[in-house]
$ cat work.pdb   # PDB, C-alpha atoms and all ligand atoms
ATOM      1  CA  MET A   1     118.358 134.439 200.930
ATOM      2  CA  GLU A   2     117.958 135.898 197.435
ATOM      3  CA  ASN A   3     119.240 133.629 194.676
ATOM      4  CA  LYS A   4     121.760 135.386 192.446
ATOM      5  CA  LYS A   5     120.888 134.903 188.778
ATOM      6  CA  ALA A   6     123.528 132.937 186.880
ATOM      7  CA  ARG A   7     125.469 134.949 184.316
ATOM      8  CA  LEU A   8     125.258 134.110 180.657
ATOM      9  CA  LEU A   9     128.778 133.682 179.335
ATOM     10  CA  LYS A  10     129.609 134.486 175.735
ATOM     11  CA  ILE A  11     132.582 132.373 174.798
ATOM     12  CA  SER A  12     134.246 133.304 171.521
ATOM     13  CA  ILE A  13     136.790 130.841 170.181
ATOM     14  CA  LEU A  14     139.269 131.284 167.374
ATOM     15  CA  LYS A  15     138.717 128.154 165.323
ATOM     16  CA  TYR A  16     141.025 126.924 162.612
ATOM     17  CA  ASP A  17     142.318 123.551 161.568
ATOM     18  CA  PRO A  18     145.386 123.895 159.340
ATOM     19  CA  HIS A  19     145.040 120.233 158.383
ATOM     20  CA  VAL A  20     141.595 120.686 156.847
ATOM     21  CA  LYS A  21     141.850 121.867 153.273
ATOM     22  CA  GLY A  22     140.156 125.211 152.728
ATOM     23  CA  ASP A  23     139.557 125.917 156.406
ATOM     24  CA  LYS A  24     140.119 129.540 157.400
ATOM     25  CA  PRO A  25     140.608 131.099 160.846
ATOM     26  CA  HIS A  26     137.228 132.288 162.101
ATOM     27  CA  ILE A  27     135.561 133.054 165.405
ATOM     28  CA  GLU A  28     132.640 131.078 166.765
ATOM     29  CA  THR A  29     130.675 132.236 169.771
ATOM     30  CA  PHE A  30     128.790 130.028 172.223
ATOM     31  CA  GLU A  31     126.478 130.993 175.066
ATOM     32  CA  ILE A  32     126.823 129.044 178.290
ATOM     33  CA  GLU A  33     125.104 129.552 181.607
ATOM     34  CA  GLU A  34     127.700 130.023 184.317
ATOM     35  CA  ALA A  35     127.745 127.561 187.215
ATOM     36  CA  PRO A  36     129.425 127.953 190.616
ATOM     37  CA  GLY A  37     133.128 127.111 190.549
ATOM     38  CA  MET A  38     133.126 126.905 186.755
ATOM     39  CA  THR A  39     136.519 126.787 185.061
ATOM     40  CA  LEU A  40     137.311 127.185 181.380
ATOM     41  CA  PHE A  41     137.933 123.438 181.347
ATOM     42  CA  ILE A  42     134.273 122.875 182.246
ATOM     43  CA  VAL A  43     133.149 125.480 179.719
ATOM     44  CA  LEU A  44     135.092 123.892 176.856
ATOM     45  CA  ASN A  45     133.841 120.412 177.674
ATOM     46  CA  ASP A  46     130.302 121.751 177.810
ATOM     47  CA  ILE A  47     130.726 123.349 174.382
ATOM     48  CA  ARG A  48     132.183 120.170 172.925
ATOM     49  CA  GLU A  49     129.462 118.013 174.416
ATOM     50  CA  HIS A  50     126.460 120.167 173.532
ATOM     51  CA  TYR A  51     127.366 122.514 170.669
ATOM     52  CA  ASP A  52     130.480 121.623 168.717
ATOM     53  CA  ALA A  53     131.854 118.095 168.821
ATOM     54  CA  SER A  54     134.722 119.112 166.529
ATOM     55  CA  LEU A  55     136.243 121.620 168.970
ATOM     56  CA  LYS A  56     139.911 120.828 169.666
ATOM     57  CA  PHE A  57     141.615 121.649 172.948
ATOM     58  CA  ASP A  58     144.041 119.870 175.285
ATOM     59  CA  PHE A  59     143.639 118.794 178.901
ATOM     60  CA  VAL A  60     145.244 116.019 180.893
ATOM     61  CA  CYS A  61     145.428 116.725 184.609
ATOM     62  CA  ARG A  62     142.860 119.522 185.179
ATOM     63  CA  ALA A  63     145.011 120.589 188.118
ATOM     64  CA  GLY A  64     147.674 122.913 186.717
ATOM     65  CA  ILE A  65     150.266 120.147 186.632
ATOM     66  CA  CYS A  66     150.593 118.881 183.063
ATOM     67  CA  GLY A  67     150.734 122.305 181.385
ATOM     68  CA  SER A  68     148.784 121.125 178.349
ATOM     69  CA  CYS A  69     145.779 123.460 178.594
ATOM     70  CA  ALA A  70     147.652 126.732 178.061
ATOM     71  CA  MET A  71     145.861 129.136 175.715
ATOM     72  CA  LEU A  72     145.243 132.826 175.214
ATOM     73  CA  ILE A  73     142.468 133.879 177.554
ATOM     74  CA  ASN A  74     141.319 137.351 176.593
ATOM     75  CA  GLY A  75     144.690 137.778 174.903
ATOM     76  CA  ARG A  76     146.735 136.677 177.894
ATOM     77  CA  PRO A  77     148.493 133.302 178.181
ATOM     78  CA  GLY A  78     147.083 131.167 180.983
ATOM     79  CA  LEU A  79     145.982 127.682 181.994
ATOM     80  CA  ALA A  80     142.343 127.043 181.162
ATOM     81  CA  CYS A  81     141.886 124.425 183.883
ATOM     82  CA  ARG A  82     142.993 126.884 186.566
ATOM     83  CA  THR A  83     140.935 129.820 185.295
ATOM     84  CA  LEU A  84     137.625 130.412 187.023
ATOM     85  CA  THR A  85     135.024 132.105 184.843
ATOM     86  CA  ALA A  86     133.963 134.117 187.912
ATOM     87  CA  LYS A  87     137.255 136.007 187.643
ATOM     88  CA  LEU A  88     136.487 137.095 184.076
ATOM     89  CA  ASP A  89     133.953 139.352 182.380
ATOM     90  CA  PRO A  90     131.090 137.399 180.801
ATOM     91  CA  GLU A  91     132.483 137.947 177.308
ATOM     92  CA  ILE A  92     135.502 135.695 176.995
ATOM     93  CA  MET A  93     137.796 135.318 173.999
ATOM     94  CA  LEU A  94     139.883 132.148 173.645
ATOM     95  CA  ALA A  95     142.649 131.578 171.116
ATOM     96  CA  PRO A  96     145.558 129.147 170.798
ATOM     97  CA  LEU A  97     148.961 130.113 172.202
ATOM     98  CA  PRO A  98     150.996 131.760 169.452
ATOM     99  CA  PHE A  99     154.486 130.624 168.397
ATOM    100  CA  PHE A 100     153.898 126.879 168.815
ATOM    101  CA  GLU A 101     152.715 124.472 166.131
ATOM    102  CA  LEU A 102     148.930 124.603 165.784
ATOM    103  CA  ILE A 103     147.151 121.258 165.827
ATOM    104  CA  GLY A 104     143.719 122.843 165.504
ATOM    105  CA  ASP A 105     141.520 125.410 167.315
ATOM    106  CA  LEU A 106     142.933 125.689 170.879
ATOM    107  CA  SER A 107     145.177 122.656 170.626
ATOM    108  CA  ILE A 108     148.859 123.313 170.115
ATOM    109  CA  TYR A 109     151.954 121.140 170.042
ATOM    110  CA  THR A 110     154.487 122.429 172.550
ATOM    111  CA  GLY A 111     156.223 119.034 172.792
ATOM    112  CA  ARG A 112     158.534 119.365 169.806
ATOM    113  CA  TRP A 113     159.813 122.791 170.852
ATOM    114  CA  MET A 114     160.214 121.831 174.515
ATOM    115  CA  ARG A 115     162.004 118.619 173.626
ATOM    116  CA  GLY A 116     164.355 120.526 171.325
ATOM    117  CA  LEU A 117     165.038 123.012 174.110
ATOM    118  CA  ASN A 118     165.756 120.273 176.653
ATOM    119  CA  GLU A 119     168.110 118.500 174.266
ATOM    120  CA  ARG A 120     169.875 121.723 173.383
ATOM    121  CA  LEU A 121     170.356 122.761 177.008
ATOM    122  CA  GLU A 122     170.980 119.180 178.161
ATOM    123  CA  THR A 123     168.555 119.519 181.024
ATOM    124  CA  TRP A 124     169.637 116.531 183.011
ATOM    125  CA  ILE A 125     172.152 115.992 185.786
ATOM    126  CA  HIS A 126     175.686 115.658 184.415
ATOM    127  CA  ALA A 127     177.287 113.652 187.196
ATOM    128  CA  GLN A 128     181.054 113.230 187.333
ATOM    129  CA  GLU A 129     180.893 109.501 187.907
ATOM    130  CA  GLU A 130     178.291 107.022 186.917
ATOM    131  CA  ILE A 131     175.455 107.106 189.449
ATOM    132  CA  ASP A 132     175.390 104.034 191.673
ATOM    133  CA  VAL A 133     171.722 103.415 192.335
ATOM    134  CA  HIS A 134     172.574 101.276 195.391
ATOM    135  CA  LYS A 135     174.453 104.097 197.069
ATOM    136  CA  LEU A 136     172.675 106.767 199.084
ATOM    137  CA  GLU A 137     172.819 110.195 197.472
ATOM    138  CA  GLU A 138     174.890 112.801 199.224
ATOM    139  CA  ARG A 139     172.870 114.889 201.634
ATOM    140  CA  MET A 140     171.676 118.246 200.358
ATOM    141  CA  GLU A 141     170.821 121.188 202.589
ATOM    142  CA  PRO A 142     167.020 121.448 202.841
ATOM    143  CA  GLU A 143     167.132 125.155 201.845
ATOM    144  CA  LEU A 144     169.004 124.282 198.664
ATOM    145  CA  ALA A 145     166.700 121.350 197.893
ATOM    146  CA  GLU A 146     163.778 123.713 198.377
ATOM    147  CA  GLU A 147     165.287 126.283 196.012
ATOM    148  CA  ILE A 148     165.845 123.640 193.323
ATOM    149  CA  TYR A 149     162.364 122.243 193.829
ATOM    150  CA  GLU A 150     160.918 125.734 193.395
ATOM    151  CA  LEU A 151     162.462 126.007 189.901
ATOM    152  CA  ASP A 152     161.563 122.404 189.067
ATOM    153  CA  ARG A 153     157.883 123.323 189.323
ATOM    154  CA  CYS A 154     157.937 124.492 185.684
ATOM    155  CA  VAL A 155     155.256 122.539 183.801
ATOM    156  CA  GLU A 156     156.524 123.506 180.318
ATOM    157  CA  CYS A 157     153.155 125.058 179.525
ATOM    158  CA  GLY A 158     154.647 127.579 177.104
ATOM    159  CA  CYS A 159     152.881 130.616 178.605
ATOM    160  CA  CYS A 160     156.180 132.456 179.172
ATOM    161  CA  VAL A 161     157.194 131.762 175.572
ATOM    162  CA  ALA A 162     153.901 133.075 174.220
ATOM    163  CA  GLY A 163     154.187 136.132 176.487
ATOM    164  CA  CYS A 164     157.719 137.038 175.379
ATOM    165  CA  GLY A 165     158.259 139.535 172.557
ATOM    166  CA  THR A 166     161.880 138.522 172.019
ATOM    167  CA  ILE A 167     161.067 134.954 171.109
ATOM    168  CA  GLN A 168     158.698 136.145 168.400
ATOM    169  CA  MET A 169     161.657 137.907 166.737
ATOM    170  CA  ARG A 170     164.459 135.448 167.509
ATOM    171  CA  GLU A 171     163.276 131.906 166.999
ATOM    172  CA  ASN A 172     166.248 130.220 168.694
ATOM    173  CA  PHE A 173     165.866 132.254 171.876
ATOM    174  CA  VAL A 174     165.619 129.837 174.825
ATOM    175  CA  GLY A 175     163.087 132.018 176.628
ATOM    176  CA  ALA A 176     162.436 132.214 180.332
ATOM    177  CA  VAL A 177     161.661 128.498 180.423
ATOM    178  CA  GLY A 178     165.168 127.696 179.150
ATOM    179  CA  MET A 179     166.942 130.151 181.425
ATOM    180  CA  ASN A 180     164.971 128.856 184.388
ATOM    181  CA  LYS A 181     166.179 125.347 183.592
ATOM    182  CA  ILE A 182     169.814 126.416 183.419
ATOM    183  CA  ALA A 183     169.436 128.323 186.699
ATOM    184  CA  ARG A 184     168.039 125.130 188.204
ATOM    185  CA  TYR A 185     170.963 122.910 187.101
ATOM    186  CA  GLN A 186     173.504 125.560 187.980
ATOM    187  CA  LEU A 187     172.221 125.428 191.559
ATOM    188  CA  ASP A 188     172.383 121.631 191.767
ATOM    189  CA  PRO A 189     175.626 120.335 193.346
ATOM    190  CA  ARG A 190     175.117 116.954 191.639
ATOM    191  CA  ASP A 191     175.525 118.621 188.248
ATOM    192  CA  LYS A 192     179.237 118.840 187.630
ATOM    193  CA  ARG A 193     179.119 121.195 184.653
ATOM    194  CA  SER A 194     181.250 124.284 185.127
ATOM    195  CA  ASN A 195     180.009 127.847 184.766
ATOM    196  CA  LYS A 196     181.932 127.912 181.497
ATOM    197  CA  ASP A 197     179.802 124.993 180.269
ATOM    198  CA  TYR A 198     176.627 126.879 181.151
ATOM    199  CA  TYR A 199     178.061 129.927 179.406
ATOM    200  CA  GLU A 200     178.430 127.847 176.239
ATOM    201  CA  LEU A 201     174.738 127.037 176.505
ATOM    202  CA  VAL A 202     173.133 130.384 177.323
ATOM    203  CA  GLY A 203     175.871 133.048 177.283
ATOM    204  CA  ASP A 204     174.789 134.542 173.959
ATOM    205  CA  GLU A 205     171.990 136.379 172.173
ATOM    206  CA  ASP A 206     169.835 133.250 172.077
ATOM    207  CA  GLY A 207     170.230 133.038 175.846
ATOM    208  CA  VAL A 208     170.604 135.579 178.635
ATOM    209  CA  PHE A 209     171.996 138.349 176.427
ATOM    210  CA  GLY A 210     169.002 138.183 174.110
ATOM    211  CA  CYS A 211     166.531 138.793 176.946
ATOM    212  CA  MET A 212     165.317 142.389 176.783
ATOM    213  CA  THR A 213     163.777 142.260 180.275
ATOM    214  CA  LEU A 214     160.291 142.608 178.834
ATOM    215  CA  LEU A 215     158.931 140.919 181.995
ATOM    216  CA  GLY A 216     155.975 139.272 180.267
ATOM    217  CA  CYS A 217     157.270 135.828 181.229
ATOM    218  CA  GLU A 218     156.992 136.313 184.965
ATOM    219  CA  ASP A 219     153.650 138.128 184.617
ATOM    220  CA  VAL A 220     152.024 135.169 182.913
ATOM    221  CA  CYS A 221     153.789 132.170 184.484
ATOM    222  CA  PRO A 222     150.926 130.184 186.068
ATOM    223  CA  LYS A 223     153.352 128.578 188.528
ATOM    224  CA  ASP A 224     154.582 131.978 189.768
ATOM    225  CA  LEU A 225     158.203 131.065 189.191
ATOM    226  CA  PRO A 226     160.727 133.761 190.114
ATOM    227  CA  LEU A 227     161.812 134.092 186.480
ATOM    228  CA  GLN A 228     163.032 137.670 186.668
ATOM    229  CA  SER A 229     165.395 137.191 189.568
ATOM    230  CA  LYS A 230     166.737 133.961 188.043
ATOM    231  CA  ILE A 231     167.348 135.579 184.648
ATOM    232  CA  ALA A 232     169.073 138.553 186.331
ATOM    233  CA  TYR A 233     171.226 136.198 188.422
ATOM    234  CA  LEU A 234     172.205 134.144 185.396
ATOM    235  CA  ARG A 235     173.029 137.273 183.416
ATOM    236  CA  ARG A 236     175.347 138.534 186.181
ATOM    237  CA  LYS A 237     177.075 135.145 186.261
ATOM    238  CA  MET A 238     177.477 135.045 182.486
ATOM    239  CA  VAL A 239     178.914 138.585 182.420
ATOM    240  CA  GLU A 240     181.499 137.547 185.037
ATOM    241  CA  ILE A 241     182.448 134.431 183.073
ATOM    242  CA  GLY A 242     182.573 136.281 179.762
ATOM    243  CA  LYS A 243     185.032 138.925 181.052
TER     244      LYS A 243
HETATM  245 FE1  LIG B 301     155.063 127.662 182.020
HETATM  246 FE2  LIG B 301     156.254 129.132 183.924
HETATM  247 FE3  LIG B 301     157.457 126.964 182.938
HETATM  248 FE4  LIG B 301     157.215 129.137 181.451
HETATM  249  S1  LIG B 301     158.421 128.955 183.310
HETATM  250  S2  LIG B 301     156.854 127.063 180.775
HETATM  251  S3  LIG B 301     155.228 129.898 182.104
HETATM  252  S4  LIG B 301     155.558 127.026 184.094
HETATM  253 FE1  LIG B 302     161.180 137.599 177.367
HETATM  254 FE2  LIG B 302     160.969 137.436 179.954
HETATM  255 FE3  LIG B 302     163.215 138.261 178.878
HETATM  256  S1  LIG B 302     159.440 138.169 178.585
HETATM  257  S2  LIG B 302     162.607 139.250 177.015
HETATM  258  S3  LIG B 302     162.349 136.253 178.688
HETATM  259  S4  LIG B 302     162.267 139.033 180.700
HETATM  260 FE1  LIG B 303     146.911 120.033 183.084
HETATM  261 FE2  LIG B 303     145.542 122.278 182.776
HETATM  262  S1  LIG B 303     144.941 120.288 182.244
HETATM  263  S2  LIG B 303     147.553 122.040 183.466
END
$ encode --input "work.pdb" --output "structure tokens" --more "lines below"
Ligand code: SF4
Ligand code: F3S
Ligand code: FES
Amino acid sequence: MENKKARLLKISILKYDPHVKGDKPHIETFEIEEAPGMTLFIVLNDIREHYDASLKFDFVCRAGICGSCAMLINGRPGLACRTLTAKLDPEIMLAPLPFFELIGDLSIYTGRWMRGLNERLETWIHAQEEIDVHKLEERMEPELAEEIYELDRCVECGCCVAGCGTIQMRENFVGAVGMNKIARYQLDPRDKRSNKDYYELVGDEDGVFGCMTLLGCEDVCPKDLPLQSKIAYLRRKMVEIGK
């Protein structure tokens, strides 16, 4: 069998450390020989190990679970650890996700924004009575549990935020990630907040009525969450409540 020659990848990275005095955004390009099954996680580690020890990027799980490796891959938000180089042209451009605080190079700080969002939307179960940990929880229909679980798969990677035009113009917009969270709690029978309470949280221009249905969020969500249908559902609910 003829051996296919490995491709030479040209990886261009937008480098900039705002904490280093005098540093300016610039692009550095590295050439790496592609290997079978190579992901951008492997590429970036290779670059850091052999060419540029100062390169900053984030990884924790390498399995699409922690959400920390989100970046712009050829201009599109995505998870580097889940991106195979074989799916891309050999010239690859990497840049940090916009909107979030830049730590340096490809490393961004989504934590502050996500924490603020979770506090603002109170993304925890609001039970009517104090939860008795010794008592069995009430049974939930498996279909409903499945539906909630589906929305709970959000890894707070920030891709939908970076892919949304509205959030770039309206900084308090909760984005698809926020609306997905409200849709999740609204489904949960253990959460005793009323629809009016949810309306208080997302029934305005920073919530469902600010969304211009640009659809970028669902296009780029690496967990394939049904963001569009959830936003549309929430909007219908909020219109009913607001009448
Ligand atoms: Fe990431 Fe999808 Fe969650 Fe947005 S909704 S933060 S894209 S996992
Ligand atoms: Fe933004 Fe998604 Fe709405 S991209 S405008 S949150 S449909
Ligand atoms: Fe955790 Fe990529 S390293 S999602």
$ residues_near_ligand --input "work.pdb" --ligand "ligand LIG 303 (chain B)" --cutoff "6 Å" --atoms "all atoms listed in the file" --output "PyMOL selection string"
chain A and resi 59-69+79-81
$ resolve_selection --input "work.pdb" --expression "the PyMOL selection byres (((chain A and resi 218) around 9) and not hetatm)" --output "PyMOL selection string"
chain A and resi 160+163+176+215-217+219-222+224-228
$ residues_around --input "work.pdb" --residues "Tyr149 of chain A" --least-positions-apart "6" --cutoff "12 Å" --atoms "only C-alpha atoms" --output "list in words"
Pro142, Glu143, Asn180, Lys181, Ala183, Arg184, Tyr185, Leu187, Asp188 and Leu225 of chain A
$ atom_distance --input "work.pdb" --atom1 "atom CA of Glu205 of chain A" --atom2 "atom CA of Ile241 of chain A"
15.2 Å
$ resolve_selection --input "work.pdb" --expression "the PyMOL selection byres (((chain A and resi 238) around 12) and not hetatm)" --output "PyMOL selection string"
chain A and resi 179+182-183+186+194-205+207-209+231-237+239-243
$ resolve_selection --input "work.pdb" --expression "the PyMOL selection byres (((chain A and resi 169) around 12) and not hetatm)" --output "ChimeraX atom specification"
/A:99,161-162,164-168,170-173,175,205-206,210-212
$ residues_around --input "work.pdb" --residues "Asp23 of chain A" --least-positions-apart "5" --cutoff "12 Å" --atoms "only C-alpha atoms" --output "ChimeraX atom specification"
/A:15-18,104-105
$ write_last_selection --input "work.pdb" --atoms "C-alpha atoms" --output "JSON list (two decimals), in the coordinates of the input"
[["chain", "number", "residue", "atom", "x", "y", "z"],
["A", 15, "LYS", "CA", 138.72, 128.15, 165.32],
["A", 16, "TYR", "CA", 141.02, 126.92, 162.61],
["A", 17, "ASP", "CA", 142.32, 123.55, 161.57],
["A", 18, "PRO", "CA", 145.39, 123.90, 159.34],
["A", 104, "GLY", "CA", 143.72, 122.84, 165.50],
["A", 105, "ASP", "CA", 141.52, 125.41, 167.32]]
$ atom_distance --input "work.pdb" --atom1 "atom CA of Cys157 of chain A" --atom2 "atom S1 of ligand LIG 302 (chain B)"
14.6 Å
$ closest_residue --input "work.pdb" --among "A:Arg153, A:Lys24, A:Arg190, A:Arg48" --to "Ile125 of chain A" --atoms "all atoms listed in the file"
A:Arg190
$ axis_aligned_box --input "work.pdb" --around "ligand LIG 301 (chain B)" --padding-each-side "4 Å" --output "JSON"
{"center_x": 156.7, "center_y": 128.4, "center_z": 182.4, "size_x": 11.4, "size_y": 10.9, "size_z": 11.3}
$ closest_residue --input "work.pdb" --among "A:Lys21, A:Arg120, A:Arg76, A:Arg193" --to "ligand LIG 301 (chain B)" --atoms "all atoms listed in the file"
A:Arg76
